[in-house]
Amino acid sequence: MHFLTQKIEFPDVSEASADGLLAFGGDLSPERLLHAYSEGIFPWFQDGEPILWWSPDPRFVLLPEDLKVSKSMKQVLKKGRFEVTENKAFKEVLENCAATKRIGQDGTWITEDMIKAYTKLHQLGYAKSVEVWQDDILVGGLYGIAINHKVFCGESMFAKVSNASKVGFITFVQNSNYKLIDCQIYTNHLESLGAKDIPRAEFIKYLKPHGI
């Protein structure tokens with residue numbers, strides 16, 4: 001595992017450990033974050049830990065053409081109980097994602113420093129949020145980073161009422177032109193929507209300007 005200096009560079013992702021851990025240290029500057037995502041690397045760490053950088057192999061992704069919408073979800077979408085927007089409440093989505101308790105996790109990896117860093121990326125036009133509203137109340141959402149207009153690297157999602165995050169995710173995928181949604185690491189929730197593992201090398205091809 002490599003220690004990062006002030007120089008904005010990363011070791012080759014092939015040097016990551018079996019669980020995907022590649023490096024530690026560095027900072028969360030927009031320049032470093034954008035460089036990391038363009039190379040298939042993302043930060044993930046707890047409060048009190050150094051910044052940890054990951055590039056798992058395989059990579060868990062969704063190809064939009066593989067999106068699965070169950071009959072029950074089609075009915076939910078048809079009823080129109082939710083309103084879905086983009087980039088209307090970015091910081092509120094981050095804060096709700098950070099506050100969501102998750103099985104097997106003690107605390108949150110969305111620290112105050114992470115919130116500040118991704119808010120800056122949002123201000124620069126790279127980070128995006130999807131909001132789900134019910135009766136003008138924010139009840140779900142997700143956020144992530146757009147790379148090369150081809151890949152959306154999803155970071156986290158939350159739901160305060162049943163189906164809210166699914167409605168946001170499905171609507172976002174159906175209404176965007178991304179070739180791939182990066183889900184990073186396996187979850188049952190996203191597998192049910194069509195996400196699957198692909199080799200890291202194949203995923204990285206999508207990140208390149210003249211790739212897949």
# chains A, B, ... in the order shown; residues from 1 in each chain; ligands from 1
call {"tool": "residues_around", "arguments": {"residues": "Glu49 in chain A", "least_positions_apart": "5", "cutoff": "10 Å", "atoms": "only C-alpha atoms", "output": "PyMOL selection string"}}
result
chain A and resi 24-25+44+109
call {"tool": "select_by_dssp", "arguments": {"residues": "range 67-123 of chain A", "states": "strand (DSSP E)", "output": "mmCIF file with N, CA, C and O atoms, in the first residue's frame"}}
result
data_model
loop_
_atom_site.group_PDB
_atom_site.id
_atom_site.type_symbol
_atom_site.label_atom_id
_atom_site.label_comp_id
_atom_site.auth_asym_id
_atom_site.auth_seq_id
_atom_site.Cartn_x
_atom_site.Cartn_y
_atom_site.Cartn_z
ATOM 1 N N GLU A 83 -41.746 13.288 -6.668
ATOM 2 C CA GLU A 83 -41.170 14.194 -7.667
ATOM 3 C C GLU A 83 -39.658 14.035 -7.604
ATOM 4 O O GLU A 83 -39.070 14.026 -6.515
ATOM 5 N N VAL A 84 -39.018 13.893 -8.760
ATOM 6 C CA VAL A 84 -37.576 13.703 -8.819
ATOM 7 C C VAL A 84 -36.925 14.904 -9.487
ATOM 8 O O VAL A 84 -37.361 15.336 -10.566
ATOM 9 N N THR A 85 -35.904 15.469 -8.836
ATOM 10 C CA THR A 85 -35.180 16.613 -9.378
ATOM 11 C C THR A 85 -33.673 16.318 -9.370
ATOM 12 O O THR A 85 -33.226 15.336 -8.776
ATOM 13 N N GLU A 86 -32.918 17.175 -10.028
ATOM 14 C CA GLU A 86 -31.457 17.068 -10.017
ATOM 15 C C GLU A 86 -30.850 18.399 -9.573
ATOM 16 O O GLU A 86 -31.288 19.472 -10.011
#
call {"tool": "residues_around", "arguments": {"residues": "Gly40 in chain A", "least_positions_apart": "6", "cutoff": "8 Å", "atoms": "only C-alpha atoms", "output": "list in words"}}
result
Val13, Ser55, Phe203, Ile204 and Leu207 of chain A
call {"tool": "write_last_selection", "arguments": {"atoms": "N, CA, C and O atoms", "output": "PDB file, in the first residue's frame"}}
result
ATOM      1  N   VAL A  13      -3.453   0.976 -10.508  1.00  0.00           N
ATOM      2  CA  VAL A  13      -4.498   0.260  -9.767  1.00  0.00           C
ATOM      3  C   VAL A  13      -4.197  -1.232  -9.627  1.00  0.00           C
ATOM      4  O   VAL A  13      -4.734  -1.907  -8.745  1.00  0.00           O
ATOM      5  N   SER A  55      -9.593   0.822  -5.215  1.00  0.00           N
ATOM      6  CA  SER A  55      -9.911   0.475  -6.603  1.00  0.00           C
ATOM      7  C   SER A  55     -10.161  -1.028  -6.671  1.00  0.00           C
ATOM      8  O   SER A  55      -9.286  -1.814  -7.035  1.00  0.00           O
ATOM      9  N   PHE A 203     -13.919  -1.801 -16.658  1.00  0.00           N
ATOM     10  CA  PHE A 203     -14.504  -0.573 -16.114  1.00  0.00           C
ATOM     11  C   PHE A 203     -13.655   0.642 -16.473  1.00  0.00           C
ATOM     12  O   PHE A 203     -14.181   1.691 -16.890  1.00  0.00           O
ATOM     13  N   ILE A 204     -12.343   0.528 -16.334  1.00  0.00           N
ATOM     14  CA  ILE A 204     -11.459   1.676 -16.564  1.00  0.00           C
ATOM     15  C   ILE A 204     -11.503   2.127 -18.022  1.00  0.00           C
ATOM     16  O   ILE A 204     -11.340   3.320 -18.320  1.00  0.00           O
ATOM     17  N   LEU A 207     -13.724   4.975 -18.567  1.00  0.00           N
ATOM     18  CA  LEU A 207     -13.298   6.269 -18.033  1.00  0.00           C
ATOM     19  C   LEU A 207     -12.452   7.067 -19.001  1.00  0.00           C
ATOM     20  O   LEU A 207     -12.283   8.280 -18.831  1.00  0.00           O
TER      21      LEU A 207
END
call {"tool": "closest_residue", "arguments": {"among": "A:Val132, A:Val93, A:Ala127, A:Leu28", "to": "Gly168 in chain A", "atoms": "only C-alpha atoms"}}
result
A:Val132
call {"tool": "residues_around", "arguments": {"residues": "Lys7 in chain A", "least_positions_apart": "4", "cutoff": "12 Å", "atoms": "only C-alpha atoms", "output": "PDB file with all heavy atoms, in the first residue's frame"}}
result
ATOM      1  N   PHE A   3       1.884   5.339   0.305  1.00  0.00           N
ATOM      2  CA  PHE A   3       1.600   6.594   1.001  1.00  0.00           C
ATOM      3  C   PHE A   3       1.667   7.727  -0.009  1.00  0.00           C
ATOM      4  O   PHE A   3       2.653   7.872  -0.743  1.00  0.00           O
ATOM      5  CB  PHE A   3       2.616   6.834   2.113  1.00  0.00           C
ATOM      6  CG  PHE A   3       2.469   8.174   2.781  1.00  0.00           C
ATOM      7  CD1 PHE A   3       1.394   8.437   3.619  1.00  0.00           C
ATOM      8  CD2 PHE A   3       3.380   9.197   2.536  1.00  0.00           C
ATOM      9  CE1 PHE A   3       1.236   9.676   4.227  1.00  0.00           C
ATOM     10  CE2 PHE A   3       3.241  10.444   3.132  1.00  0.00           C
ATOM     11  CZ  PHE A   3       2.167  10.676   3.984  1.00  0.00           C
ATOM     12  N   PRO A  11      -0.471   5.289  -7.488  1.00  0.00           N
ATOM     13  CA  PRO A  11       0.132   4.102  -8.097  1.00  0.00           C
ATOM     14  C   PRO A  11      -0.853   3.454  -9.058  1.00  0.00           C
ATOM     15  O   PRO A  11      -2.051   3.731  -9.022  1.00  0.00           O
ATOM     16  CB  PRO A  11       0.416   3.194  -6.890  1.00  0.00           C
ATOM     17  CG  PRO A  11      -0.549   3.647  -5.845  1.00  0.00           C
ATOM     18  CD  PRO A  11      -0.715   5.122  -6.039  1.00  0.00           C
ATOM     19  N   GLY A  25      -3.407   8.566   2.580  1.00  0.00           N
ATOM     20  CA  GLY A  25      -2.798   9.886   2.675  1.00  0.00           C
ATOM     21  C   GLY A  25      -3.317  10.825   1.609  1.00  0.00           C
ATOM     22  O   GLY A  25      -4.387  10.636   1.028  1.00  0.00           O
ATOM     23  N   GLY A  26      -2.553  11.880   1.348  1.00  0.00           N
ATOM     24  CA  GLY A  26      -2.964  12.879   0.380  1.00  0.00           C
ATOM     25  C   GLY A  26      -4.029  13.803   0.944  1.00  0.00           C
ATOM     26  O   GLY A  26      -4.094  14.033   2.153  1.00  0.00           O
ATOM     27  N   ASP A  27      -4.876  14.313   0.084  1.00  0.00           N
ATOM     28  CA  ASP A  27      -5.917  15.249   0.511  1.00  0.00           C
ATOM     29  C   ASP A  27      -7.165  15.030  -0.331  1.00  0.00           C
ATOM     30  O   ASP A  27      -7.210  14.137  -1.171  1.00  0.00           O
ATOM     31  CB  ASP A  27      -5.420  16.699   0.375  1.00  0.00           C
ATOM     32  CG  ASP A  27      -4.935  17.018  -1.038  1.00  0.00           C
ATOM     33  OD1 ASP A  27      -5.597  16.586  -2.004  1.00  0.00           O
ATOM     34  OD2 ASP A  27      -3.897  17.682  -1.189  1.00  0.00           O
ATOM     35  N   SER A  29      -8.578  17.486  -2.260  1.00  0.00           N
ATOM     36  CA  SER A  29      -8.693  18.636  -3.156  1.00  0.00           C
ATOM     37  C   SER A  29      -9.446  18.226  -4.418  1.00  0.00           C
ATOM     38  O   SER A  29      -9.440  17.048  -4.810  1.00  0.00           O
ATOM     39  CB  SER A  29      -7.300  19.147  -3.544  1.00  0.00           C
ATOM     40  OG  SER A  29      -6.626  18.175  -4.341  1.00  0.00           O
ATOM     41  N   GLU A  31      -8.677  18.688  -7.442  1.00  0.00           N
ATOM     42  CA  GLU A  31      -7.742  18.157  -8.430  1.00  0.00           C
ATOM     43  C   GLU A  31      -7.422  16.690  -8.163  1.00  0.00           C
ATOM     44  O   GLU A  31      -7.419  15.856  -9.075  1.00  0.00           O
ATOM     45  CB  GLU A  31      -6.444  18.983  -8.435  1.00  0.00           C
ATOM     46  CG  GLU A  31      -6.608  20.416  -8.888  1.00  0.00           C
ATOM     47  CD  GLU A  31      -7.166  21.335  -7.804  1.00  0.00           C
ATOM     48  OE1 GLU A  31      -7.243  20.913  -6.622  1.00  0.00           O
ATOM     49  OE2 GLU A  31      -7.536  22.477  -8.141  1.00  0.00           O
ATOM     50  N   ARG A  32      -7.176  16.356  -6.884  1.00  0.00           N
ATOM     51  CA  ARG A  32      -6.837  14.970  -6.560  1.00  0.00           C
ATOM     52  C   ARG A  32      -8.056  14.057  -6.735  1.00  0.00           C
ATOM     53  O   ARG A  32      -7.940  12.939  -7.245  1.00  0.00           O
ATOM     54  CB  ARG A  32      -6.298  14.853  -5.140  1.00  0.00           C
ATOM     55  CG  ARG A  32      -5.712  13.464  -4.841  1.00  0.00           C
ATOM     56  CD  ARG A  32      -5.249  13.332  -3.400  1.00  0.00           C
ATOM     57  NE  ARG A  32      -4.184  14.229  -3.042  1.00  0.00           N
ATOM     58  CZ  ARG A  32      -2.876  13.960  -3.233  1.00  0.00           C
ATOM     59  NH1 ARG A  32      -2.506  12.815  -3.798  1.00  0.00           N
ATOM     60  NH2 ARG A  32      -1.957  14.834  -2.859  1.00  0.00           N
ATOM     61  N   HIS A  35      -8.717  13.463 -10.424  1.00  0.00           N
ATOM     62  CA  HIS A  35      -7.677  12.573 -10.960  1.00  0.00           C
ATOM     63  C   HIS A  35      -7.940  11.134 -10.515  1.00  0.00           C
ATOM     64  O   HIS A  35      -7.825  10.193 -11.309  1.00  0.00           O
ATOM     65  CB  HIS A  35      -6.300  13.031 -10.498  1.00  0.00           C
ATOM     66  CG  HIS A  35      -5.175  12.177 -11.000  1.00  0.00           C
ATOM     67  ND1 HIS A  35      -4.938  11.984 -12.342  1.00  0.00           N
ATOM     68  CD2 HIS A  35      -4.249  11.441 -10.340  1.00  0.00           C
ATOM     69  CE1 HIS A  35      -3.901  11.177 -12.494  1.00  0.00           C
ATOM     70  NE2 HIS A  35      -3.465  10.821 -11.287  1.00  0.00           N
TER      71      HIS A  35
END
